[in-house]
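J.: Have a peek at model-v9.pdb (PDB, C-alpha atoms).
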```
MODEL        1
ATOM      1  CA  MET A 319       0.000   0.000   0.000
ATOM      2  CA  SER A 320       1.277   3.497  -0.798
ATOM      3  CA  GLY A 321       2.535   5.452   2.184
ATOM      4  CA  PHE A 322       4.285   2.557   3.892
ATOM      5  CA  SER A 323       7.642   1.022   3.068
ATOM      6  CA  SER A 324       9.927  -1.565   4.630
ATOM      7  CA  GLU A 325      13.635  -1.813   5.335
ATOM      8  CA  GLU A 326      15.440  -5.130   5.733
ATOM      9  CA  ARG A 327      18.432  -5.425   8.024
ATOM     10  CA  ALA A 328      20.944  -8.291   8.030
ATOM     11  CA  ALA A 329      20.601 -11.394   5.873
ATOM     12  CA  PRO A 330      17.292 -13.285   5.771
ATOM     13  CA  PHE A 331      17.160 -16.539   7.721
ATOM     14  CA  THR A 332      19.643 -15.364  10.345
ATOM     15  CA  LEU A 333      19.134 -14.511  14.001
ATOM     16  CA  GLU A 334      19.922 -10.859  13.251
ATOM     17  CA  TYR A 335      17.410 -10.421  10.418
ATOM     18  CA  ARG A 336      14.774  -7.701  10.899
ATOM     19  CA  VAL A 337      12.197  -5.916   8.729
ATOM     20  CA  PHE A 338      11.431  -2.390   9.939
ATOM     21  CA  LEU A 339       8.408  -0.434   8.723
ATOM     22  CA  LYS A 340       8.455   3.226   7.676
ATOM     23  CA  ASN A 341       5.725   5.781   7.067
ATOM     24  CA  GLU A 342       5.450   8.186   4.121
ATOM     25  CA  LYS A 343       7.951  10.550   5.807
ATOM     26  CA  GLY A 344      10.569   7.824   6.077
ATOM     27  CA  GLN A 345      10.175   7.590   9.861
ATOM     28  CA  TYR A 346      10.371   4.217  11.518
ATOM     29  CA  ILE A 347       7.029   3.037  12.822
ATOM     30  CA  SER A 348       5.644   0.056  14.661
ATOM     31  CA  PRO A 349       3.582  -2.338  12.504
ATOM     32  CA  PHE A 350       1.861  -3.365  15.737
ATOM     33  CA  HIS A 351       0.917   0.100  17.041
ATOM     34  CA  ASP A 352       1.340   2.774  14.352
ATOM     35  CA  VAL A 353      -0.376   1.266  11.303
ATOM     36  CA  PRO A 354      -4.111   2.032  11.682
ATOM     37  CA  ILE A 355      -6.429  -0.929  12.086
ATOM     38  CA  TYR A 356      -8.827   0.464   9.452
ATOM     39  CA  ALA A 357      -7.872   1.309   5.874
ATOM     40  CA  ASP A 358     -11.468   2.264   5.008
ATOM     41  CA  LYS A 359     -14.970   1.476   6.191
ATOM     42  CA  ASP A 360     -15.031  -2.267   6.928
ATOM     43  CA  VAL A 361     -11.599  -2.618   5.289
ATOM     44  CA  PHE A 362      -8.640  -3.502   7.484
ATOM     45  CA  HIS A 363      -4.903  -3.117   7.149
ATOM     46  CA  MET A 364      -2.913  -6.341   7.203
ATOM     47  CA  VAL A 365       0.800  -6.604   7.933
ATOM     48  CA  VAL A 366       2.208  -9.455   5.826
ATOM     49  CA  GLU A 367       4.628 -11.494   7.916
ATOM     50  CA  VAL A 368       4.880 -14.659   5.795
ATOM     51  CA  PRO A 369       4.432 -14.742   1.997
ATOM     52  CA  ARG A 370       2.451 -17.663   0.592
ATOM     53  CA  TRP A 371       4.444 -20.862  -0.141
ATOM     54  CA  SER A 372       7.335 -19.848   2.143
ATOM     55  CA  ASN A 373       8.419 -21.775   5.268
ATOM     56  CA  ALA A 374      10.256 -19.353   7.581
ATOM     57  CA  LYS A 375       8.086 -18.534  10.599
ATOM     58  CA  MET A 376       8.286 -14.747  10.589
ATOM     59  CA  GLU A 377       6.334 -12.627  13.050
ATOM     60  CA  ILE A 378       6.001  -9.172  14.545
ATOM     61  CA  ALA A 379       8.437  -8.942  17.465
ATOM     62  CA  THR A 380       6.013  -7.665  20.090
ATOM     63  CA  LYS A 381       8.671  -7.247  22.787
ATOM     64  CA  ASP A 382      11.260  -5.383  20.667
ATOM     65  CA  PRO A 383      11.335  -1.570  20.228
ATOM     66  CA  LEU A 384       9.223  -0.593  17.204
ATOM     67  CA  ASN A 385       8.174  -4.254  16.833
ATOM     68  CA  PRO A 386      10.054  -5.202  13.642
ATOM     69  CA  ILE A 387       9.315  -8.457  11.843
ATOM     70  CA  LYS A 388      11.828 -11.185  12.630
ATOM     71  CA  GLN A 389      12.081 -14.952  12.391
ATOM     72  CA  ASP A 390      10.797 -16.834  15.401
ATOM     73  CA  VAL A 391      13.368 -18.723  17.460
ATOM     74  CA  LYS A 392      12.885 -21.854  19.547
ATOM     75  CA  LYS A 393      15.701 -23.143  21.758
ATOM     76  CA  GLY A 394      18.179 -20.964  19.937
ATOM     77  CA  LYS A 395      17.218 -22.228  16.476
ATOM     78  CA  LEU A 396      15.313 -20.413  13.739
ATOM     79  CA  ARG A 397      11.837 -21.808  13.214
ATOM     80  CA  TYR A 398      10.447 -23.119   9.929
ATOM     81  CA  VAL A 399       7.152 -24.857   9.223
ATOM     82  CA  ALA A 400       7.418 -28.236   7.539
ATOM     83  CA  ASN A 401       5.960 -29.039   4.137
ATOM     84  CA  LEU A 402       2.839 -30.971   5.086
ATOM     85  CA  PHE A 403       1.785 -33.126   2.167
ATOM     86  CA  PRO A 404       0.294 -31.954  -0.139
ATOM     87  CA  TYR A 405       1.095 -28.367   0.912
ATOM     88  CA  LYS A 406       4.197 -26.228   0.412
ATOM     89  CA  GLY A 407       4.874 -23.923   3.358
ATOM     90  CA  TYR A 408       2.098 -21.513   4.322
ATOM     91  CA  ILE A 409      -0.874 -21.871   1.978
ATOM     92  CA  TRP A 410      -1.961 -18.200   2.197
ATOM     93  CA  ASN A 411      -0.275 -14.870   2.746
ATOM     94  CA  TYR A 412      -0.067 -14.877   6.511
ATOM     95  CA  GLY A 413       0.104 -11.899   8.821
ATOM     96  CA  ALA A 414      -1.699  -9.787  11.385
ATOM     97  CA  ILE A 415      -4.151  -6.936  11.778
ATOM     98  CA  PRO A 416      -2.398  -4.010  13.504
ATOM     99  CA  GLN A 417      -3.759  -2.417  16.660
ATOM    100  CA  THR A 418      -5.272  -5.710  17.829
ATOM    101  CA  TRP A 419      -4.156  -7.915  20.710
ATOM    102  CA  GLU A 420      -5.313 -11.268  22.023
ATOM    103  CA  ASP A 421      -5.117 -10.613  25.743
ATOM    104  CA  PRO A 422      -3.540 -13.546  27.663
ATOM    105  CA  GLY A 423      -5.448 -12.418  30.741
ATOM    106  CA  HIS A 424      -8.847 -12.505  29.036
ATOM    107  CA  ASN A 425     -10.802 -15.758  28.983
ATOM    108  CA  ASP A 426     -12.603 -15.873  25.654
ATOM    109  CA  LYS A 427     -16.285 -16.730  26.106
ATOM    110  CA  HIS A 428     -16.341 -18.659  22.820
ATOM    111  CA  THR A 429     -13.310 -20.855  23.403
ATOM    112  CA  GLY A 430     -12.924 -20.962  27.167
ATOM    113  CA  CYS A 431      -9.221 -20.128  26.728
ATOM    114  CA  CYS A 432      -7.169 -16.954  27.141
ATOM    115  CA  GLY A 433      -5.511 -15.107  24.281
ATOM    116  CA  ASP A 434      -2.075 -15.894  22.851
ATOM    117  CA  ASN A 435      -0.493 -12.461  23.566
ATOM    118  CA  ASP A 436      -0.161 -11.508  19.872
ATOM    119  CA  PRO A 437      -2.014  -9.392  17.308
ATOM    120  CA  ILE A 438      -4.853 -11.297  15.647
ATOM    121  CA  ASP A 439      -3.715 -13.498  12.735
ATOM    122  CA  VAL A 440      -4.917 -13.208   9.133
ATOM    123  CA  CYS A 441      -4.901 -15.719   6.261
ATOM    124  CA  GLU A 442      -5.174 -13.746   3.008
ATOM    125  CA  ILE A 443      -6.535 -15.961   0.217
ATOM    126  CA  GLY A 444      -6.042 -13.796  -2.889
ATOM    127  CA  SER A 445      -3.995 -14.750  -5.933
ATOM    128  CA  LYS A 446      -0.979 -12.465  -5.363
ATOM    129  CA  VAL A 447       2.043 -13.663  -3.397
ATOM    130  CA  CYS A 448       2.735 -10.701  -1.138
ATOM    131  CA  ALA A 449       6.092  -9.528   0.195
ATOM    132  CA  ARG A 450       7.283  -9.774   3.766
ATOM    133  CA  GLY A 451       6.580  -6.455   5.489
ATOM    134  CA  GLU A 452       4.017  -5.364   2.902
ATOM    135  CA  ILE A 453       0.938  -3.526   4.190
ATOM    136  CA  ILE A 454      -2.193  -4.496   2.268
ATOM    137  CA  ARG A 455      -5.891  -3.688   2.606
ATOM    138  CA  VAL A 456      -8.137  -6.676   3.212
ATOM    139  CA  LYS A 457     -11.821  -7.498   3.287
ATOM    140  CA  VAL A 458     -12.736  -9.851   6.140
ATOM    141  CA  LEU A 459     -14.741 -12.944   5.181
ATOM    142  CA  GLY A 460     -14.821 -15.155   8.265
ATOM    143  CA  ILE A 461     -12.840 -16.592  11.140
ATOM    144  CA  LEU A 462     -11.596 -19.883  12.621
ATOM    145  CA  ALA A 463     -11.184 -20.427  16.366
ATOM    146  CA  MET A 464      -7.973 -22.418  16.866
ATOM    147  CA  ILE A 465      -6.809 -23.580  20.289
ATOM    148  CA  ASP A 466      -3.008 -23.623  20.281
ATOM    149  CA  GLU A 467      -1.526 -25.339  23.352
ATOM    150  CA  GLY A 468      -4.399 -24.106  25.504
ATOM    151  CA  GLU A 469      -4.494 -20.556  24.111
ATOM    152  CA  THR A 470      -7.098 -18.865  21.902
ATOM    153  CA  ASP A 471      -5.541 -18.136  18.509
ATOM    154  CA  TRP A 472      -8.134 -16.697  16.121
ATOM    155  CA  LYS A 473      -7.435 -17.024  12.380
ATOM    156  CA  VAL A 474      -9.176 -14.388  10.264
ATOM    157  CA  ILE A 475      -9.938 -15.323   6.640
ATOM    158  CA  ALA A 476      -9.652 -12.312   4.347
ATOM    159  CA  ILE A 477      -8.928 -11.248   0.784
ATOM    160  CA  ASN A 478      -6.854  -8.380  -0.567
ATOM    161  CA  VAL A 479      -9.256  -5.688  -1.826
ATOM    162  CA  ASP A 480      -6.965  -5.223  -4.835
ATOM    163  CA  ASP A 481      -7.325  -8.870  -5.876
ATOM    164  CA  PRO A 482      -9.038  -9.217  -9.290
ATOM    165  CA  ASP A 483     -11.709 -11.458  -7.745
ATOM    166  CA  ALA A 484     -12.224  -9.504  -4.518
ATOM    167  CA  ALA A 485     -15.695  -8.280  -5.569
ATOM    168  CA  ASN A 486     -16.897 -11.892  -5.672
ATOM    169  CA  TYR A 487     -15.965 -12.564  -2.045
ATOM    170  CA  ASN A 488     -18.132 -11.029   0.657
ATOM    171  CA  ASP A 489     -18.580 -13.754   3.278
ATOM    172  CA  ILE A 490     -17.242 -17.168   4.239
ATOM    173  CA  ASN A 491     -19.815 -18.980   2.103
ATOM    174  CA  ASP A 492     -18.291 -17.352  -0.985
ATOM    175  CA  VAL A 493     -14.985 -19.048  -0.143
ATOM    176  CA  LYS A 494     -16.754 -22.386   0.184
ATOM    177  CA  ARG A 495     -18.444 -21.863  -3.184
ATOM    178  CA  LEU A 496     -15.577 -20.407  -5.209
ATOM    179  CA  LYS A 497     -12.626 -22.243  -3.623
ATOM    180  CA  PRO A 498     -13.994 -25.713  -2.820
ATOM    181  CA  GLY A 499     -11.746 -27.571  -0.397
ATOM    182  CA  TYR A 500      -9.717 -24.493   0.550
ATOM    183  CA  LEU A 501     -11.245 -24.019   3.995
ATOM    184  CA  GLU A 502     -10.910 -27.737   4.703
ATOM    185  CA  ALA A 503      -7.240 -27.487   3.712
ATOM    186  CA  THR A 504      -6.847 -24.519   6.067
ATOM    187  CA  VAL A 505      -8.174 -26.517   9.007
ATOM    188  CA  ASP A 506      -6.015 -29.493   8.060
ATOM    189  CA  TRP A 507      -2.907 -27.304   7.846
ATOM    190  CA  PHE A 508      -3.471 -25.621  11.203
ATOM    191  CA  ARG A 509      -4.339 -28.935  12.842
ATOM    192  CA  ARG A 510      -1.119 -30.654  11.780
ATOM    193  CA  TYR A 511       1.583 -28.037  11.219
ATOM    194  CA  LYS A 512       3.259 -28.581  14.598
ATOM    195  CA  VAL A 513       3.165 -32.378  14.465
ATOM    196  CA  PRO A 514       6.547 -32.674  12.635
ATOM    197  CA  ASP A 515       8.080 -30.856  15.642
ATOM    198  CA  GLY A 516       6.742 -33.497  18.004
ATOM    199  CA  LYS A 517       3.753 -31.458  19.175
ATOM    200  CA  PRO A 518       0.171 -32.763  19.379
ATOM    201  CA  GLU A 519      -2.448 -31.702  16.861
ATOM    202  CA  ASN A 520      -4.094 -28.341  17.471
ATOM    203  CA  GLN A 521      -7.734 -28.222  18.494
ATOM    204  CA  PHE A 522     -10.578 -25.930  17.456
ATOM    205  CA  ALA A 523     -13.715 -24.435  18.945
ATOM    206  CA  PHE A 524     -17.063 -24.755  17.130
ATOM    207  CA  ASN A 525     -16.056 -28.212  15.869
ATOM    208  CA  ALA A 526     -13.550 -26.525  13.506
ATOM    209  CA  GLU A 527     -16.343 -24.702  11.674
ATOM    210  CA  PHE A 528     -15.682 -21.248  10.246
ATOM    211  CA  LYS A 529     -17.799 -18.402  11.565
ATOM    212  CA  ASP A 530     -19.130 -15.726   9.233
ATOM    213  CA  LYS A 531     -18.025 -12.177   8.489
ATOM    214  CA  ASP A 532     -20.176 -10.498  11.150
ATOM    215  CA  PHE A 533     -18.827 -12.827  13.821
ATOM    216  CA  ALA A 534     -15.266 -12.156  12.647
ATOM    217  CA  MET A 535     -15.776  -8.389  12.742
ATOM    218  CA  ASP A 536     -16.953  -8.603  16.350
ATOM    219  CA  ILE A 537     -13.879 -10.617  17.340
ATOM    220  CA  ILE A 538     -11.545  -8.149  15.606
ATOM    221  CA  LYS A 539     -13.218  -5.215  17.335
ATOM    222  CA  SER A 540     -12.886  -6.887  20.732
ATOM    223  CA  THR A 541      -9.152  -7.492  20.146
ATOM    224  CA  HIS A 542      -8.845  -3.831  19.151
ATOM    225  CA  ASP A 543     -10.405  -2.897  22.510
ATOM    226  CA  HIS A 544      -7.866  -5.113  24.277
ATOM    227  CA  TRP A 545      -5.074  -3.365  22.354
ATOM    228  CA  ARG A 546      -6.377   0.029  23.478
ATOM    229  CA  ALA A 547      -6.301  -1.170  27.073
ATOM    230  CA  LEU A 548      -2.729  -2.371  26.526
ATOM    231  CA  VAL A 549      -1.335   0.888  25.122
ATOM    232  CA  THR A 550      -3.137   3.050  27.707
ATOM    233  CA  LYS A 551      -1.642   0.893  30.482
ATOM    234  CA  LYS A 552      -4.993  -0.353  31.763
ATOM    235  CA  ILE A 553      -3.556  -3.847  31.271
ATOM    236  CA  ASP A 554      -0.041  -5.024  32.043
ATOM    237  CA  GLY A 555       1.528  -6.146  28.767
ATOM    238  CA  LYS A 556       4.201  -8.141  30.618
ATOM    239  CA  GLY A 557       7.133  -7.143  28.445
ATOM    240  CA  ILE A 558       5.333  -6.062  25.262
ATOM    241  CA  SER A 559       6.973  -2.973  23.792
ATOM    242  CA  CYS A 560       4.506  -0.186  23.110
ATOM    243  CA  TYR A 561       7.043   2.406  21.956
ATOM    244  CA  ARG A 562       5.879   4.069  18.767
ATOM    245  CA  HIS A 563       7.402   6.512  16.309
ATOM    246  CA  HIS A 564       8.339  10.018  17.439
ATOM    247  CA  ALA A 565       7.014  12.560  14.942
ATOM    248  CA  ASN A 566       9.821  15.086  15.481
ATOM    249  CA  LEU A 567      12.741  12.672  15.549
ATOM    250  CA  PRO A 568      14.938  12.625  12.406
ATOM    251  CA  ALA A 569      15.660   9.274  10.822
ATOM    252  CA  GLN A 570      19.320   9.232  11.888
ATOM    253  CA  TYR A 571      18.364   9.483  15.555
ATOM    254  CA  GLN A 572      15.751   6.774  15.123
ATOM    255  CA  GLN A 573      18.527   4.632  13.633
ATOM    256  CA  MET A 574      20.675   5.302  16.715
ATOM    257  CA  TRP A 575      17.788   4.549  19.044
ATOM    258  CA  ILE A 576      16.947   1.258  17.362
ATOM    259  CA  SER A 577      20.578   0.149  17.453
ATOM    260  CA  GLY A 578      20.872   1.127  21.109
ATOM    261  CA  SER A 579      23.793   3.485  20.450
ATOM    262  CA  ILE A 580      22.206   6.548  22.050
ATOM    263  CA  THR A 581      23.797   6.469  25.488
ATOM    264  CA  ARG A 582      25.385   8.853  27.932
ATOM    265  CA  LYS A 583      28.414   7.383  29.637
ATOM    266  CA  THR A 584      30.319   8.464  32.730
ATOM    267  CA  LYS A 585      32.970   6.746  34.763
ATOM    268  CA  GLU A 586      30.323   5.304  37.062
ATOM    269  CA  TYR A 587      27.513   4.212  34.772
ATOM    270  CA  SER A 588      25.992   4.130  31.310
ATOM    271  CA  VAL A 589      22.469   5.430  30.745
ATOM    272  CA  GLU A 590      20.302   4.291  27.848
ATOM    273  CA  TYR A 591      17.921   6.825  26.312
ATOM    274  CA  LYS A 592      14.514   5.959  24.912
ATOM    275  CA  LEU A 593      11.921   8.060  23.133
ATOM    276  CA  ASP A 594       9.743  10.320  25.272
ATOM    277  CA  ILE A 595       6.227   9.179  24.336
ATOM    278  CA  PRO A 596       3.250  10.704  26.195
ATOM    279  CA  ALA A 597       1.436   8.221  28.405
ATOM    280  CA  SER A 598      -1.751   8.799  26.429
ATOM    281  CA  TYR A 599       0.030   7.704  23.269
ATOM    282  CA  SER A 600       1.825   4.546  24.340
ATOM    283  CA  CYS A 601       2.759   2.412  27.308
ATOM    284  CA  GLY A 602       5.684   4.681  28.148
ATOM    285  CA  VAL A 603       8.034   3.936  31.033
ATOM    286  CA  LEU A 604       7.346   4.479  34.719
ATOM    287  CA  ASP A 605       9.732   6.351  37.044
ATOM    288  CA  ALA A 606      11.468   8.177  34.214
ATOM    289  CA  LYS A 607      12.631  11.757  34.003
ATOM    290  CA  VAL A 608      12.717  13.843  30.857
ATOM    291  CA  VAL A 609      16.143  14.879  29.640
ATOM    292  CA  ALA A 610      17.264  16.819  26.564
ATOM    293  CA  PHE A 611      19.464  15.338  23.850
ATOM    294  CA  GLN A 612      20.352  17.279  20.705
ATOM    295  CA  ASN A 613      17.151  19.361  21.155
ATOM    296  CA  PHE A 614      15.002  16.233  21.116
ATOM    297  CA  LYS A 615      13.282  14.826  24.171
ATOM    298  CA  PHE A 616      14.163  11.400  25.493
ATOM    299  CA  ILE A 617      13.430   9.717  28.770
ATOM    300  CA  GLU A 618      16.245   8.520  30.940
ATOM    301  CA  LEU A 619      15.576   5.086  32.418
ATOM    302  CA  ILE A 620      16.344   5.181  36.148
TER     303      ILE A 620
ENDMDL
END
```
Have the structure of the file written as structure tokens, please.
T.:
Amino acid sequence: MSGFSSEERAAPFTLEYRVFLKNEKGQYISPFHDVPIYADKDVFHMVVEVPRWSNAKMEIATKDPLNPIKQDVKKGKLRYVANLFPYKGYIWNYGAIPQTWEDPGHNDKHTGCCGDNDPIDVCEIGSKVCARGEIIRVKVLGILAMIDEGETDWKVIAINVDDPDAANYNDINDVKRLKPGYLEATVDWFRRYKVPDGKPENQFAFNAEFKDKDFAMDIIKSTHDHWRALVTKKIDGKGISCYRHHANLPAQYQQMWISGSITRKTKEYSVEYKLDIPASYSCGVLDAKVVAFQNFKFIELI
């Protein structure tokens, strides 16, 4: 989508690899917090984490400053999903809706399980293979309630509004009619994708039946409410980084902040500086005092 761009750092498929998002001014932004949830009326933004047919398990780093996309790590090793016959990697463009959060402290009335502590997931079923870090506009069609190791992990089914066939898809029944077997394949994939790693099959609420568009919209809106509670500090995010872009900070200082090189050192100690974000705008940091650095405000962690 115009207005957003991405910047890759380090080589793909390494522990150091990151994809940072930028706005139209070239400022670094958080794909979790800064990209608006809505692109238009009933149209949502989607952050593409994993392009279709690929295997690397990429995700928004919710606990890192500015939440770049990086490859998930388990026991020190980069994570990949196996090719589950007859599928190759992820069978949709996979990503998340920004400004949503599945609260791990909230017991979902539909599933009986708490959230998985991540933005809500999206499976985009259009014909284009999207790029990692791309921001697209999607039309929501339905939703699947997966239970992943005892946590609620909703999977939104959506289509890119720029897809040539998007006008033909308006609800989950259109997917059943126009892509026969695709929803069944989606359930099969999510049920078995962890089995090659020695994990049990995933379970589903509603007997693995997809709920319709209206149901999905309600779930998305509730996760947006949970996100609002997170960033206004009504809920403890337990390590989730809610730092967002600073409108007056030039790109070179954002670069320094991201790399952790903005410090003030004395003989006794080294102080790290972070962006001074108003409490009403992000989670912020408690017990911090405002200090000046090159005419820009930072907060000194004490």
J.: Using all atoms listed in the file, which protein or nucleic acid residues come within 9 Å of Val399 of chain A? Drop anything in the same chain fewer than 5 positions from it, and give the result as a list of chain:residue names.
T.: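 Once the nearby chain positions are removed, what remains is A:Ser372, A:Asn373, A:Ala374, A:Lys375, A:Gly407, A:Tyr408, A:Tyr511, A:Lys512, A:Pro514, A:Asp515.
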J.: Assuming the chain letters and numbering stay as they are in my file, what does the PyMOL selection byres ((chain A and resi 347) around 10) actually select? List them as a list of chain:residue names.
T.: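 Output from the PyMOL selection byres ((chain A and resi 347) around 10), applied to this file: A:Phe322, A:Ser323, A:Ser324, A:Phe338, A:Leu339, A:Lys340, A:Asn341, A:Gly344, A:Gln345, A:Tyr346, A:Ser348, A:Pro349, A:Phe350, A:His351, A:Asp352, A:Val353, A:Pro383, A:Leu384, A:Asn385, A:Pro386, A:Tyr561, A:Arg562, A:His563, A:His564, A:Ala565, A:Gln572.
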J.: Kindly resolve the PyMOL selection byres ((chain A and resi 378) around 9) on the present coordinates and return the residues as a PyMOL selection string.
T.: chain A and resi 349-350+365+367+376-377+379-382+385-389+413-414+436-437
J.: Can you list, as a PyMOL selection string, the residues that the PyMOL selection byres ((chain A and resi 485-491) around 12) selects here?
T.: chain A and resi 360-361+442-444+456-462+474-484+492-498+500-501+527-535
J.: Which value, in Å to one decimal, gives the distance between atom CA of Lys539 of chain A and atom CA of Asn520 of chain A?
T.: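 About the pair atom CA of Lys539 of chain A and atom CA of Asn520 of chain A: they are 24.9 Å apart.
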